[in-house]
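Data from model_25.csv: CSV, C-alpha atoms
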```csv
chain,number,residue,atom,x,y,z
G,1,MET,CA,-88.9,-110.1,320.4
G,2,GLY,CA,-86.8,-112.5,322.4
G,3,PHE,CA,-83.3,-111.4,323.7
G,4,ARG,CA,-84.2,-107.7,323.6
G,5,LYS,CA,-83.7,-105.2,326.3
G,6,LYS,CA,-87.0,-103.7,327.4
G,7,ASN,CA,-87.6,-100.3,329.0
G,8,LYS,CA,-90.9,-101.2,330.5
G,9,SER,CA,-92.0,-104.6,331.7
G,10,PRO,CA,-95.5,-105.5,330.7
G,11,PRO,CA,-97.7,-107.5,333.1
G,12,VAL,CA,-96.6,-111.1,333.6
G,13,LEU,CA,-98.3,-113.6,331.2
G,14,SER,CA,-100.0,-110.8,329.3
G,15,HIS,CA,-99.9,-110.9,325.5
G,16,GLU,CA,-97.2,-108.3,325.2
G,17,PHE,CA,-95.1,-110.2,327.9
G,18,VAL,CA,-95.4,-113.4,325.9
G,19,ILE,CA,-94.5,-111.7,322.6
G,20,GLN,CA,-91.5,-110.0,324.1
G,21,ASN,CA,-90.1,-113.0,326.0
G,22,HIS,CA,-91.3,-115.9,323.9
G,23,ALA,CA,-87.7,-116.8,322.8
G,24,ASP,CA,-86.5,-116.8,326.4
G,25,MET,CA,-89.3,-119.1,327.5
G,26,VAL,CA,-88.7,-121.4,324.6
G,27,SER,CA,-85.0,-121.5,325.4
G,28,CYS,CA,-85.8,-122.5,329.0
G,29,LEU,CA,-88.0,-125.3,327.7
G,30,ALA,CA,-85.3,-126.5,325.4
G,31,MET,CA,-82.7,-126.4,328.2
G,32,ILE,CA,-85.0,-128.5,330.4
G,33,ILE,CA,-85.1,-131.2,327.7
G,34,LEU,CA,-81.3,-131.1,327.3
G,35,LEU,CA,-80.8,-131.3,331.1
G,36,GLY,CA,-82.9,-134.5,331.0
G,37,LEU,CA,-79.8,-136.2,329.4
G,38,MET,CA,-77.9,-135.8,332.6
G,39,PHE,CA,-80.1,-138.2,334.7
G,40,GLU,CA,-80.6,-141.9,333.9
G,41,VAL,CA,-84.3,-141.8,334.7
G,42,THR,CA,-85.1,-139.1,332.2
G,43,ALA,CA,-82.4,-139.8,329.7
G,44,LYS,CA,-84.4,-142.2,327.6
G,45,PHE,CA,-87.2,-139.7,327.3
G,46,ALA,CA,-84.9,-136.8,326.5
G,47,ILE,CA,-83.1,-138.8,323.8
G,48,MET,CA,-86.5,-139.3,322.1
G,49,PHE,CA,-86.7,-135.5,321.6
G,50,ILE,CA,-83.2,-134.8,320.5
G,51,THR,CA,-82.1,-137.7,318.3
G,52,VAL,CA,-83.8,-139.2,315.3
G,53,GLN,CA,-85.6,-142.5,316.1
G,54,TYR,CA,-86.3,-145.9,314.4
G,55,ASN,CA,-82.8,-146.7,313.2
G,56,VAL,CA,-82.1,-150.1,311.7
G,57,THR,CA,-78.9,-151.8,310.5
G,58,GLN,CA,-78.8,-153.4,307.1
G,59,VAL,CA,-76.2,-154.9,304.8
G,60,LEU,CA,-76.7,-153.7,301.2
G,61,ASP,CA,-75.9,-155.8,298.2
G,62,GLU,CA,-73.3,-153.3,296.9
G,63,LYS,CA,-71.5,-153.0,300.2
G,64,ASN,CA,-70.6,-155.7,302.6
G,65,GLU,CA,-70.4,-153.2,305.5
G,66,PRO,CA,-73.5,-152.6,307.6
G,67,VAL,CA,-75.3,-149.3,307.0
G,68,ASN,CA,-77.6,-147.5,309.5
G,69,LEU,CA,-80.9,-146.6,307.9
G,70,TYR,CA,-84.0,-145.0,309.5
G,71,LEU,CA,-87.8,-145.5,309.4
G,72,TYR,CA,-90.5,-143.1,310.5
G,73,GLY,CA,-92.9,-143.5,313.4
G,74,PRO,CA,-94.9,-141.8,316.2
G,75,LYS,CA,-91.8,-140.9,318.2
G,76,ASP,CA,-90.9,-138.5,315.4
G,77,VAL,CA,-93.5,-136.1,316.7
G,78,ALA,CA,-91.3,-135.5,319.8
G,79,THR,CA,-88.3,-134.9,317.7
G,80,VAL,CA,-90.2,-132.4,315.5
G,81,PHE,CA,-91.4,-130.6,318.6
G,82,PHE,CA,-87.8,-130.2,320.0
G,83,TYR,CA,-86.5,-128.8,316.7
G,84,LEU,CA,-89.6,-126.6,316.5
G,85,LEU,CA,-88.3,-125.0,319.7
G,86,ILE,CA,-84.8,-124.6,318.1
G,87,ALA,CA,-86.4,-122.9,315.1
G,88,VAL,CA,-88.2,-120.4,317.3
G,89,ILE,CA,-84.9,-119.5,319.0
G,90,LEU,CA,-83.0,-119.2,315.7
G,91,HIS,CA,-85.8,-117.1,314.3
G,92,ALA,CA,-85.5,-114.7,317.3
G,93,LEU,CA,-81.7,-114.5,317.0
G,94,ILE,CA,-81.9,-113.7,313.3
G,95,GLN,CA,-84.6,-111.1,313.9
G,96,GLU,CA,-82.7,-109.4,316.8
G,97,TYR,CA,-79.2,-109.4,315.6
G,98,ILE,CA,-79.5,-109.0,311.9
G,99,LEU,CA,-82.9,-107.9,310.6
G,100,ASP,CA,-83.7,-105.3,313.3
G,101,LYS,CA,-80.3,-103.6,312.8
G,102,MET,CA,-80.9,-103.4,309.1
G,103,ASN,CA,-84.4,-102.1,309.6
G,104,ARG,CA,-83.1,-99.3,311.8
G,105,ARG,CA,-80.6,-98.2,309.0
G,106,LEU,CA,-83.2,-98.4,306.2
G,107,HIS,CA,-86.0,-96.5,308.0
G,108,LEU,CA,-88.8,-98.5,306.3
G,109,SER,CA,-92.5,-98.0,306.6
G,110,LYS,CA,-94.6,-100.4,308.6
G,111,THR,CA,-95.7,-102.3,305.5
G,112,LYS,CA,-92.2,-102.6,304.1
G,113,HIS,CA,-90.9,-103.4,307.6
G,114,SER,CA,-93.2,-106.5,307.8
G,115,LYS,CA,-92.3,-107.7,304.3
G,116,PHE,CA,-88.6,-107.1,304.9
G,117,ASN,CA,-88.7,-109.3,308.1
G,118,GLU,CA,-90.6,-112.0,306.2
G,119,SER,CA,-88.2,-112.0,303.3
G,120,GLY,CA,-85.2,-111.9,305.6
G,121,GLN,CA,-86.2,-114.9,307.6
G,122,LEU,CA,-87.3,-116.9,304.5
G,123,ALA,CA,-84.1,-116.0,302.5
G,124,VAL,CA,-81.9,-117.5,305.3
G,125,PHE,CA,-84.0,-120.6,305.5
G,126,TYR,CA,-84.2,-121.1,301.8
G,127,LEU,CA,-80.4,-120.7,301.4
G,128,PHE,CA,-79.6,-123.2,304.1
G,129,SER,CA,-82.2,-125.7,302.9
G,130,PHE,CA,-81.1,-125.4,299.2
G,131,ILE,CA,-77.5,-126.1,300.1
G,132,TRP,CA,-78.4,-128.9,302.4
G,133,GLY,CA,-80.8,-130.4,299.8
G,134,CYS,CA,-78.2,-130.2,297.0
G,135,SER,CA,-75.6,-132.0,299.2
G,136,ILE,CA,-78.1,-134.8,299.8
G,137,LEU,CA,-79.0,-135.1,296.1
G,138,THR,CA,-75.3,-135.2,295.1
G,139,ALA,CA,-74.6,-137.9,297.7
G,140,GLU,CA,-77.6,-140.1,296.8
G,141,ASP,CA,-77.3,-139.7,293.0
G,142,PHE,CA,-80.9,-138.6,292.7
G,143,ALA,CA,-80.3,-136.2,289.8
G,144,THR,CA,-78.4,-138.6,287.6
G,145,ASN,CA,-81.0,-141.4,287.6
G,146,PRO,CA,-84.7,-140.2,287.3
G,147,THR,CA,-86.0,-143.7,287.7
G,148,PHE,CA,-84.6,-143.7,291.2
G,149,LEU,CA,-87.7,-141.7,292.2
G,150,TRP,CA,-90.0,-144.7,291.9
G,151,GLU,CA,-87.8,-147.8,291.6
G,152,GLY,CA,-88.0,-150.1,294.6
G,153,TYR,CA,-91.1,-148.3,296.0
G,154,PRO,CA,-92.0,-148.2,298.9
G,155,HIS,CA,-88.9,-146.4,300.0
G,156,THR,CA,-89.4,-147.1,303.7
G,157,HIS,CA,-85.7,-146.7,304.7
G,158,MET,CA,-83.9,-143.4,304.8
G,159,VAL,CA,-80.3,-142.4,305.4
G,160,PHE,CA,-79.7,-140.1,308.4
G,161,GLN,CA,-79.3,-136.9,306.3
G,162,VAL,CA,-82.6,-137.5,304.5
G,163,LYS,CA,-84.6,-138.2,307.7
G,164,PHE,CA,-83.1,-135.3,309.6
G,165,PHE,CA,-83.7,-133.0,306.7
G,166,TYR,CA,-87.4,-133.8,306.7
G,167,ILE,CA,-87.6,-133.5,310.5
G,168,CYS,CA,-86.1,-130.0,310.3
G,169,GLN,CA,-88.3,-129.0,307.4
G,170,ILE,CA,-91.5,-130.0,309.2
G,171,ALA,CA,-90.4,-128.4,312.4
G,172,TYR,CA,-89.6,-125.1,310.6
G,173,TRP,CA,-92.9,-124.7,308.9
G,174,LEU,CA,-94.8,-125.7,312.0
G,175,HIS,CA,-92.9,-123.1,313.9
G,176,ALA,CA,-94.0,-120.5,311.4
G,177,LEU,CA,-97.6,-120.8,312.7
G,178,PRO,CA,-97.0,-119.4,316.2
G,179,GLU,CA,-94.6,-116.9,314.7
G,180,LEU,CA,-97.6,-115.2,313.1
G,181,TYR,CA,-98.6,-114.3,316.6
G,182,PHE,CA,-95.1,-113.6,318.0
G,183,GLN,CA,-94.2,-111.3,315.1
G,184,LYS,CA,-97.5,-109.4,315.2
G,185,VAL,CA,-98.2,-110.0,311.6
G,186,ARG,CA,-100.8,-107.7,310.1
G,187,LYS,CA,-104.3,-109.1,309.7
G,188,GLU,CA,-104.3,-108.6,306.0
G,189,ASP,CA,-101.1,-110.6,305.6
G,190,ILE,CA,-102.1,-113.6,307.8
G,191,PRO,CA,-104.3,-115.4,305.2
G,192,ARG,CA,-101.5,-115.2,302.5
G,193,GLN,CA,-98.8,-116.5,304.9
G,194,LEU,CA,-101.1,-119.1,306.5
G,195,TYR,CA,-101.9,-120.5,303.0
G,196,TYR,CA,-98.4,-121.1,301.9
G,197,ILE,CA,-97.3,-122.4,305.3
G,198,CYS,CA,-100.1,-125.0,305.2
G,199,LEU,CA,-99.1,-125.9,301.6
G,200,TYR,CA,-95.5,-126.6,302.8
G,201,VAL,CA,-96.6,-128.6,305.8
G,202,VAL,CA,-99.0,-130.8,303.7
G,203,HIS,CA,-96.4,-131.2,300.9
G,204,ILE,CA,-93.4,-132.2,303.1
G,205,THR,CA,-95.4,-134.3,305.7
G,206,GLY,CA,-97.2,-136.1,302.9
G,207,ALA,CA,-94.0,-137.0,301.1
G,208,TYR,CA,-92.5,-138.1,304.4
G,209,VAL,CA,-95.5,-140.3,305.5
G,210,LEU,CA,-96.3,-141.8,302.1
G,211,ASN,CA,-92.6,-142.9,301.6
G,212,LEU,CA,-92.2,-140.4,298.7
G,213,HIS,CA,-89.2,-138.7,300.3
G,214,ARG,CA,-87.1,-139.0,297.2
G,215,LEU,CA,-89.6,-137.2,295.0
G,216,GLY,CA,-90.4,-134.6,297.7
G,217,LEU,CA,-86.7,-133.8,298.1
G,218,VAL,CA,-86.2,-133.4,294.3
G,219,LEU,CA,-89.2,-131.1,294.1
G,220,LEU,CA,-88.2,-129.0,297.0
G,221,VAL,CA,-84.6,-128.1,295.9
G,222,PRO,CA,-85.5,-126.2,292.7
G,223,HIS,CA,-88.5,-124.6,294.4
G,224,TYR,CA,-86.3,-123.3,297.2
G,225,LEU,CA,-83.9,-121.9,294.7
G,226,VAL,CA,-86.6,-119.9,293.0
G,227,GLU,CA,-88.0,-118.7,296.3
G,228,LEU,CA,-84.5,-117.7,297.5
G,229,LEU,CA,-84.0,-115.6,294.5
G,230,PHE,CA,-87.4,-113.9,295.0
G,231,HIS,CA,-86.9,-113.0,298.6
G,232,ALA,CA,-83.3,-111.9,298.0
G,233,SER,CA,-84.5,-109.6,295.2
G,234,ARG,CA,-87.1,-108.2,297.5
G,235,LEU,CA,-84.5,-107.5,300.2
G,236,PHE,CA,-82.4,-105.6,297.6
G,237,TYR,CA,-85.4,-103.7,296.4
G,238,PHE,CA,-86.2,-102.5,299.9
G,239,SER,CA,-82.7,-101.3,300.3
G,240,ASP,CA,-82.7,-99.5,296.9
G,241,GLU,CA,-85.9,-99.4,294.7
G,242,ASN,CA,-83.8,-99.1,291.6
G,243,LYS,CA,-82.5,-102.7,292.1
G,244,GLN,CA,-85.2,-104.7,290.3
G,245,LYS,CA,-83.3,-106.9,287.9
G,246,GLY,CA,-83.5,-109.9,290.3
G,247,PHE,CA,-87.3,-110.0,289.8
G,248,THR,CA,-86.8,-110.5,286.0
G,249,LEU,CA,-84.6,-113.5,286.6
G,250,TRP,CA,-87.0,-114.8,289.2
G,251,ALA,CA,-89.9,-114.6,286.8
G,252,LEU,CA,-88.0,-116.6,284.2
G,253,LEU,CA,-86.8,-119.3,286.7
G,254,PHE,CA,-90.2,-119.5,288.3
G,255,VAL,CA,-91.9,-120.8,285.1
G,256,ILE,CA,-89.0,-123.2,284.4
G,257,ALA,CA,-89.0,-124.6,287.9
G,258,ARG,CA,-92.8,-125.1,287.8
G,259,LEU,CA,-92.6,-127.0,284.5
G,260,LEU,CA,-89.8,-129.1,285.8
G,261,THR,CA,-91.5,-130.1,289.0
G,262,LEU,CA,-94.8,-130.7,287.3
G,263,THR,CA,-93.1,-132.9,284.7
G,264,LEU,CA,-91.4,-135.0,287.4
G,265,SER,CA,-94.7,-135.3,289.3
G,266,VAL,CA,-96.5,-136.6,286.2
G,267,LEU,CA,-93.6,-139.0,285.4
G,268,THR,CA,-93.6,-140.4,288.9
G,269,PHE,CA,-97.4,-140.8,289.5
G,270,GLY,CA,-98.5,-141.4,286.0
G,271,PHE,CA,-95.7,-143.5,284.5
G,272,GLY,CA,-93.3,-144.7,287.2
G,273,LEU,CA,-95.3,-145.9,290.1
G,274,PRO,CA,-98.0,-147.7,288.1
G,275,ARG,CA,-95.3,-149.9,286.5
G,276,THR,CA,-93.6,-151.0,289.7
G,277,GLU,CA,-94.0,-154.5,291.1
G,278,ASN,CA,-95.4,-153.6,294.5
G,279,GLN,CA,-98.9,-152.5,293.9
G,280,GLY,CA,-101.5,-152.2,296.6
G,281,PHE,CA,-102.2,-150.6,300.0
G,282,SER,CA,-100.5,-151.8,303.2
G,283,LEU,CA,-99.8,-149.7,306.3
G,284,ALA,CA,-97.6,-152.3,307.8
G,285,GLU,CA,-95.3,-152.3,304.7
G,286,GLY,CA,-95.7,-148.6,304.1
G,287,ASN,CA,-97.0,-149.2,300.6
G,288,PHE,CA,-99.5,-146.6,299.3
G,289,ASN,CA,-99.2,-147.4,295.6
G,290,VAL,CA,-102.8,-147.5,294.7
G,291,LEU,CA,-104.6,-145.6,291.9
G,292,THR,CA,-106.7,-143.3,294.3
G,293,ILE,CA,-103.6,-142.1,296.2
G,294,ARG,CA,-101.6,-141.5,293.0
G,295,GLN,CA,-104.4,-139.5,291.5
G,296,PHE,CA,-104.9,-137.5,294.6
G,297,CYS,CA,-101.2,-136.7,294.9
G,298,LEU,CA,-101.0,-135.7,291.2
G,299,ALA,CA,-104.1,-133.6,291.4
G,300,TYR,CA,-102.7,-131.9,294.6
G,301,TYR,CA,-99.4,-131.0,292.8
G,302,ALA,CA,-101.1,-129.9,289.7
G,303,LEU,CA,-103.6,-127.6,291.5
G,304,SER,CA,-101.0,-126.2,293.8
G,305,TYR,CA,-98.6,-125.4,291.0
G,306,SER,CA,-101.3,-124.0,288.7
G,307,TRP,CA,-102.5,-121.8,291.6
G,308,ARG,CA,-98.9,-120.5,292.2
G,309,LEU,CA,-98.5,-120.0,288.4
G,310,ASP,CA,-101.8,-118.1,288.3
G,311,LYS,CA,-100.7,-115.9,291.2
G,312,HIS,CA,-97.4,-115.3,289.5
G,313,VAL,CA,-99.0,-114.2,286.2
G,314,TYR,CA,-101.5,-112.1,288.1
G,315,SER,CA,-98.8,-110.3,290.2
G,316,SER,CA,-96.8,-109.7,287.0
G,317,LEU,CA,-99.7,-108.2,285.2
G,318,LYS,CA,-100.6,-106.2,288.3
G,319,GLY,CA,-97.1,-104.9,288.5
G,320,ASP,CA,-97.1,-103.8,284.9
G,321,ARG,CA,-100.5,-102.2,285.3
G,322,THR,CA,-99.4,-100.4,288.4
G,323,GLY,CA,-96.2,-99.2,286.6
G,324,ALA,CA,-98.3,-97.9,283.7
G,325,LEU,CA,-100.7,-96.2,286.1
G,326,ASN,CA,-97.8,-94.6,288.0
G,327,ALA,CA,-96.2,-93.4,284.8
G,328,ARG,CA,-99.6,-92.0,283.6
G,329,GLY,CA,-100.0,-90.3,287.0
G,330,VAL,CA,-96.5,-88.8,286.7
G,331,LYS,CA,-97.3,-87.5,283.3
G,332,LYS,CA,-100.6,-85.9,284.6
G,333,THR,CA,-98.7,-84.3,287.5
G,334,ILE,CA,-96.0,-82.9,285.2
G,335,LYS,CA,-98.8,-81.6,282.8
G,336,LYS,CA,-100.6,-79.9,285.7
G,337,LYS,CA,-97.4,-78.3,287.0
G,338,THR,CA,-96.5,-77.1,283.6
G,339,GLU,CA,-100.0,-75.5,283.1
G,340,LEU,CA,-99.7,-73.8,286.5
G,341,ILE,CA,-96.2,-72.4,285.6
G,342,LEU,CA,-97.4,-71.2,282.2
G,343,ARG,CA,-100.5,-69.6,283.8
G,344,ASP,CA,-98.3,-67.8,286.4
G,345,ILE,CA,-96.0,-66.6,283.6
G,346,LEU,CA,-98.9,-65.3,281.5
G,347,LEU,CA,-100.5,-63.6,284.5
G,348,GLN,CA,-97.2,-61.9,285.5
G,349,THR,CA,-96.6,-60.8,281.9
G,350,TYR,CA,-100.1,-59.4,281.6
G,351,VAL,CA,-99.7,-57.4,284.9
G,352,THR,CA,-96.3,-56.2,283.9
G,353,HIS,CA,-97.6,-55.0,280.5
G,354,CYS,CA,-100.6,-53.2,282.2
G,355,VAL,CA,-98.3,-51.4,284.6
G,356,GLU,CA,-96.0,-50.4,281.7
G,357,CYS,CA,-98.9,-49.2,279.7
G,358,PHE,CA,-100.3,-47.1,282.6
G,359,SER,CA,-96.9,-45.6,283.4
G,360,CYS,CA,-96.3,-44.7,279.8
G,361,SER,CA,-99.8,-43.2,279.0
G,362,PRO,CA,-99.9,-39.4,278.2
G,363,PRO,CA,-101.0,-36.8,280.9
G,364,GLU,CA,-104.3,-36.0,279.1
G,365,ALA,CA,-105.4,-39.6,279.2
G,366,SER,CA,-104.5,-39.8,282.9
G,367,LYS,CA,-106.6,-36.7,283.7
G,368,GLN,CA,-109.5,-38.2,281.8
G,369,LEU,CA,-109.3,-41.3,283.8
```

Is it possible to give me this structure as structure tokens?
Amino acid sequence: MGFRKKNKSPPVLSHEFVIQNHADMVSCLAMIILLGLMFEVTAKFAIMFITVQYNVTQVLDEKNEPVNLYLYGPKDVATVFFYLLIAVILHALIQEYILDKMNRRLHLSKTKHSKFNESGQLAVFYLFSFIWGCSILTAEDFATNPTFLWEGYPHTHMVFQVKFFYICQIAYWLHALPELYFQKVRKEDIPRQLYYICLYVVHITGAYVLNLHRLGLVLLVPHYLVELLFHASRLFYFSDENKQKGFTLWALLFVIARLLTLTLSVLTFGFGLPRTENQGFSLAEGNFNVLTIRQFCLAYYALSYSWRLDKHVYSSLKGDRTGALNARGVKKTIKKKTELILRDILLQTYVTHCVECFSCSPPEASKQL
């Protein structure tokens, strides 16, 4: 891990060296980009990495004051790359100064240790993203007017908070891919984590590129709340296995959140967008309001949600089955121990009775024996 004192230095540029020092190397790269602001020759390139691009000034009808809005473009790749580096550094800091200290106190097994680290990192991210997303929804009045999701499409212009939110979201989930290597994730856990990381990248990037950032933000906030509850419950479970009430609340909110997000998706793609004035496909205008794209997006959301719901039901049934099997195993163990104790008591009683009978037998019988 980065920022950790090492007793033995592995060979330079070896796998272990890169894993142990990846945060330090990423920090140096980020510092080089920041130092580029100090020189006039490199400042225009460094700004492209650090600040959001494609800002335009418009005067809205409701307000006579000019407002700074933002578009998206190819230069956003550089901004995403810089904040990907920041995400790697923050990941290492949380791991080193919070999770590793908690792991040393809890003395977890290797399997639980890996899951504890995963839930710890994701819980922090989900909490931060949920609060940030709620603040944006409150400021933009997304929740009070559902038709705001499709009215005026294409939504090519974004306020600073919305664009920066999407930049940070894409950067975080892209940083999770190299973290599978840096964190030495077990081979059996890689497919599961790789699957949901790719789902997040496709979902967030698709909403950003297709100018569906309003819908994407509304769908992410309740989803992050449910995931925050799950990973927080798992952290409490690892600290004390008797603390399982959070999973019951998570199971209830999981279904409610899935129904809510699926309903909003159907309303937007099946009812709202087909009724808007701007129909057609135009890359220059950022308009993707055609039947094929709407069907594809709706099918993607429906399949992804149904898959997660199926996984949820399967895991719940598996947990109940595991609990029943464990209870049955405990009963069998108790029964076996009880039988052994009763057998020992009967054997001891039989031996004691034989000894008493032999000691109390008459002398003639002893002679005959």

Got a sec: who's within 9 Å of G:Thr268, counting all atoms listed in the file, leaving out chain neighbours fewer than 5 positions off, as a PyMOL selection string?
-> chain G and resi 147+149-150+215+263+273-274

Between G:Gln295, G:Ser239, G:Gln183, G:Asn211, which one has atoms that come closest to G:Val266, using all atoms listed in the file?
-> G:Gln295

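Closest to G:Val67 among G:Lys163, G:Arg214, G:Lys187, G:His157 is G:His157, based on all atoms listed in the file.
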
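The space between atom CA of G:Leu127 and atom CA of G:Pro222 spans 11.5 Å.
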
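The smallest atom-to-atom distance between G:Ile197 and any of G:Met31, G:Val255, G:Leu122, G:Leu69, using all atoms listed in the file, is found for G:Leu122.
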
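For G:Phe182, the non-local neighbours within 12 Å, defined as residues at least 4 positions apart in the same chain or in other chains and counting only C-alpha atoms, are Met1, Gly2, His15, Glu16, Phe17, Val18, Ile19, Gln20, Asn21, His22, Ala23, Val88, Ile89, His91, Ala92, Gln95, His175, Ala176, Leu177, Pro178 and Arg186 of chain G.
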
Write to file, as a PDB file, keeping the file's coordinate frame, the residues of the selection just made, with C-alpha atoms.
```pdb
ATOM      1  CA  MET G   1     -88.900-110.100 320.400  1.00  0.00           C
ATOM      2  CA  GLY G   2     -86.800-112.500 322.400  1.00  0.00           C
ATOM      3  CA  HIS G  15     -99.900-110.900 325.500  1.00  0.00           C
ATOM      4  CA  GLU G  16     -97.200-108.300 325.200  1.00  0.00           C
ATOM      5  CA  PHE G  17     -95.100-110.200 327.900  1.00  0.00           C
ATOM      6  CA  VAL G  18     -95.400-113.400 325.900  1.00  0.00           C
ATOM      7  CA  ILE G  19     -94.500-111.700 322.600  1.00  0.00           C
ATOM      8  CA  GLN G  20     -91.500-110.000 324.100  1.00  0.00           C
ATOM      9  CA  ASN G  21     -90.100-113.000 326.000  1.00  0.00           C
ATOM     10  CA  HIS G  22     -91.300-115.900 323.900  1.00  0.00           C
ATOM     11  CA  ALA G  23     -87.700-116.800 322.800  1.00  0.00           C
ATOM     12  CA  VAL G  88     -88.200-120.400 317.300  1.00  0.00           C
ATOM     13  CA  ILE G  89     -84.900-119.500 319.000  1.00  0.00           C
ATOM     14  CA  HIS G  91     -85.800-117.100 314.300  1.00  0.00           C
ATOM     15  CA  ALA G  92     -85.500-114.700 317.300  1.00  0.00           C
ATOM     16  CA  GLN G  95     -84.600-111.100 313.900  1.00  0.00           C
ATOM     17  CA  HIS G 175     -92.900-123.100 313.900  1.00  0.00           C
ATOM     18  CA  ALA G 176     -94.000-120.500 311.400  1.00  0.00           C
ATOM     19  CA  LEU G 177     -97.600-120.800 312.700  1.00  0.00           C
ATOM     20  CA  PRO G 178     -97.000-119.400 316.200  1.00  0.00           C
ATOM     21  CA  ARG G 186    -100.800-107.700 310.100  1.00  0.00           C
TER      22      ARG G 186
END
```

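Of the listed residues G:Tyr97, G:Thr111, G:Val162, G:Pro146, the one whose atoms come nearest to G:Tyr70 is G:Val162, with distances taken using only C-alpha atoms.
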
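The gap separating atom CA of G:Cys198 from atom CA of G:Ser119 is 17.7 Å, in Å to one decimal.
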
What gap, in Å, lies between atom CA of G:Ser282 and atom CA of G:Ala171?
-> 27.1 Å

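Using only C-alpha atoms, every residue with an atom at most 12 Å from the point (-80.0, -150.0, 308.7) is listed here: Gln53, Tyr54, Asn55, Val56, Thr57, Gln58, Val59, Leu60, Glu65, Pro66, Val67, Asn68, Leu69, Tyr70, Leu71, Thr156, His157, Met158, Val159 and Phe160 of chain G.
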
Write a file of the selected residues as a PDB file, in the coordinates of the input, keeping C-alpha atoms.
```
ATOM      1  CA  GLN G  53     -85.600-142.500 316.100  1.00  0.00           C
ATOM      2  CA  TYR G  54     -86.300-145.900 314.400  1.00  0.00           C
ATOM      3  CA  ASN G  55     -82.800-146.700 313.200  1.00  0.00           C
ATOM      4  CA  VAL G  56     -82.100-150.100 311.700  1.00  0.00           C
ATOM      5  CA  THR G  57     -78.900-151.800 310.500  1.00  0.00           C
ATOM      6  CA  GLN G  58     -78.800-153.400 307.100  1.00  0.00           C
ATOM      7  CA  VAL G  59     -76.200-154.900 304.800  1.00  0.00           C
ATOM      8  CA  LEU G  60     -76.700-153.700 301.200  1.00  0.00           C
ATOM      9  CA  GLU G  65     -70.400-153.200 305.500  1.00  0.00           C
ATOM     10  CA  PRO G  66     -73.500-152.600 307.600  1.00  0.00           C
ATOM     11  CA  VAL G  67     -75.300-149.300 307.000  1.00  0.00           C
ATOM     12  CA  ASN G  68     -77.600-147.500 309.500  1.00  0.00           C
ATOM     13  CA  LEU G  69     -80.900-146.600 307.900  1.00  0.00           C
ATOM     14  CA  TYR G  70     -84.000-145.000 309.500  1.00  0.00           C
ATOM     15  CA  LEU G  71     -87.800-145.500 309.400  1.00  0.00           C
ATOM     16  CA  THR G 156     -89.400-147.100 303.700  1.00  0.00           C
ATOM     17  CA  HIS G 157     -85.700-146.700 304.700  1.00  0.00           C
ATOM     18  CA  MET G 158     -83.900-143.400 304.800  1.00  0.00           C
ATOM     19  CA  VAL G 159     -80.300-142.400 305.400  1.00  0.00           C
ATOM     20  CA  PHE G 160     -79.700-140.100 308.400  1.00  0.00           C
TER      21      PHE G 160
END
```

Residue nearest G:Val80 among G:Ile167, G:Thr261, G:Val218, G:His113 (counting only C-alpha atoms) = G:Ile167

Report the centre and edge lengths, in Å to one decimal, of an axis-aligned box enclosing every atom of stretch 90-98 of chain G listed in the file, padded by 8 Å on each side, as JSON.
```
{"center_x": -82.5, "center_y": -114.1, "center_z": 314.6, "size_x": 22.6, "size_y": 26.2, "size_z": 21.4}
```

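Residue nearest G:Ala46, chosen from G:Phe81, G:Trp307, G:Phe281, G:Phe269 and counting all atoms listed in the file: G:Phe81.
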
Please write as a JSON list (two decimals) with C-alpha atoms, in the coordinates of the input the list of polymer residues whose atoms come within 9 Å of (-89.5, -130.5, 306.2), counting all atoms listed in the file and keeping to the coordinates of the file.
```json
[["chain", "number", "residue", "atom", "x", "y", "z"],
["G", 164, "PHE", "CA", -83.10, -135.30, 309.60],
["G", 165, "PHE", "CA", -83.70, -133.00, 306.70],
["G", 166, "TYR", "CA", -87.40, -133.80, 306.70],
["G", 167, "ILE", "CA", -87.60, -133.50, 310.50],
["G", 168, "CYS", "CA", -86.10, -130.00, 310.30],
["G", 169, "GLN", "CA", -88.30, -129.00, 307.40],
["G", 170, "ILE", "CA", -91.50, -130.00, 309.20],
["G", 171, "ALA", "CA", -90.40, -128.40, 312.40],
["G", 172, "TYR", "CA", -89.60, -125.10, 310.60],
["G", 173, "TRP", "CA", -92.90, -124.70, 308.90],
["G", 200, "TYR", "CA", -95.50, -126.60, 302.80],
["G", 201, "VAL", "CA", -96.60, -128.60, 305.80],
["G", 203, "HIS", "CA", -96.40, -131.20, 300.90],
["G", 204, "ILE", "CA", -93.40, -132.20, 303.10],
["G", 205, "THR", "CA", -95.40, -134.30, 305.70],
["G", 208, "TYR", "CA", -92.50, -138.10, 304.40]]
```

Write out as a ChimeraX atom specification each polymer residue whose atoms come within 10 Å of G:Tyr300, counting all atoms listed in the file; drop sequence neighbours fewer than 6 positions from it.
-> /G:199,202-203,294,306

Just to be explicit: take each residue in the selection above, keep C-alpha atoms, and write the result as a short mmCIF file (atom, residue, chain, number, x, y, z; two decimals), in the coordinates of the input.
```cif
data_model
loop_
_atom_site.label_atom_id
_atom_site.label_comp_id
_atom_site.auth_asym_id
_atom_site.auth_seq_id
_atom_site.Cartn_x
_atom_site.Cartn_y
_atom_site.Cartn_z
CA LEU G 199 -99.10 -125.90 301.60
CA VAL G 202 -99.00 -130.80 303.70
CA HIS G 203 -96.40 -131.20 300.90
CA ARG G 294 -101.60 -141.50 293.00
CA SER G 306 -101.30 -124.00 288.70
#
```

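For G:Ile47, the residues within 12 Å (counting all atoms listed in the file, excluding itself and residues fewer than 6 positions away along the chain) are G:Ile33, G:Leu34, G:Leu35, G:Gly36, G:Leu37, G:Met38, G:Phe39, G:Glu40, G:Val41, G:Gln53, G:Lys75, G:Asp76, G:Ala78, G:Thr79, G:Phe82.
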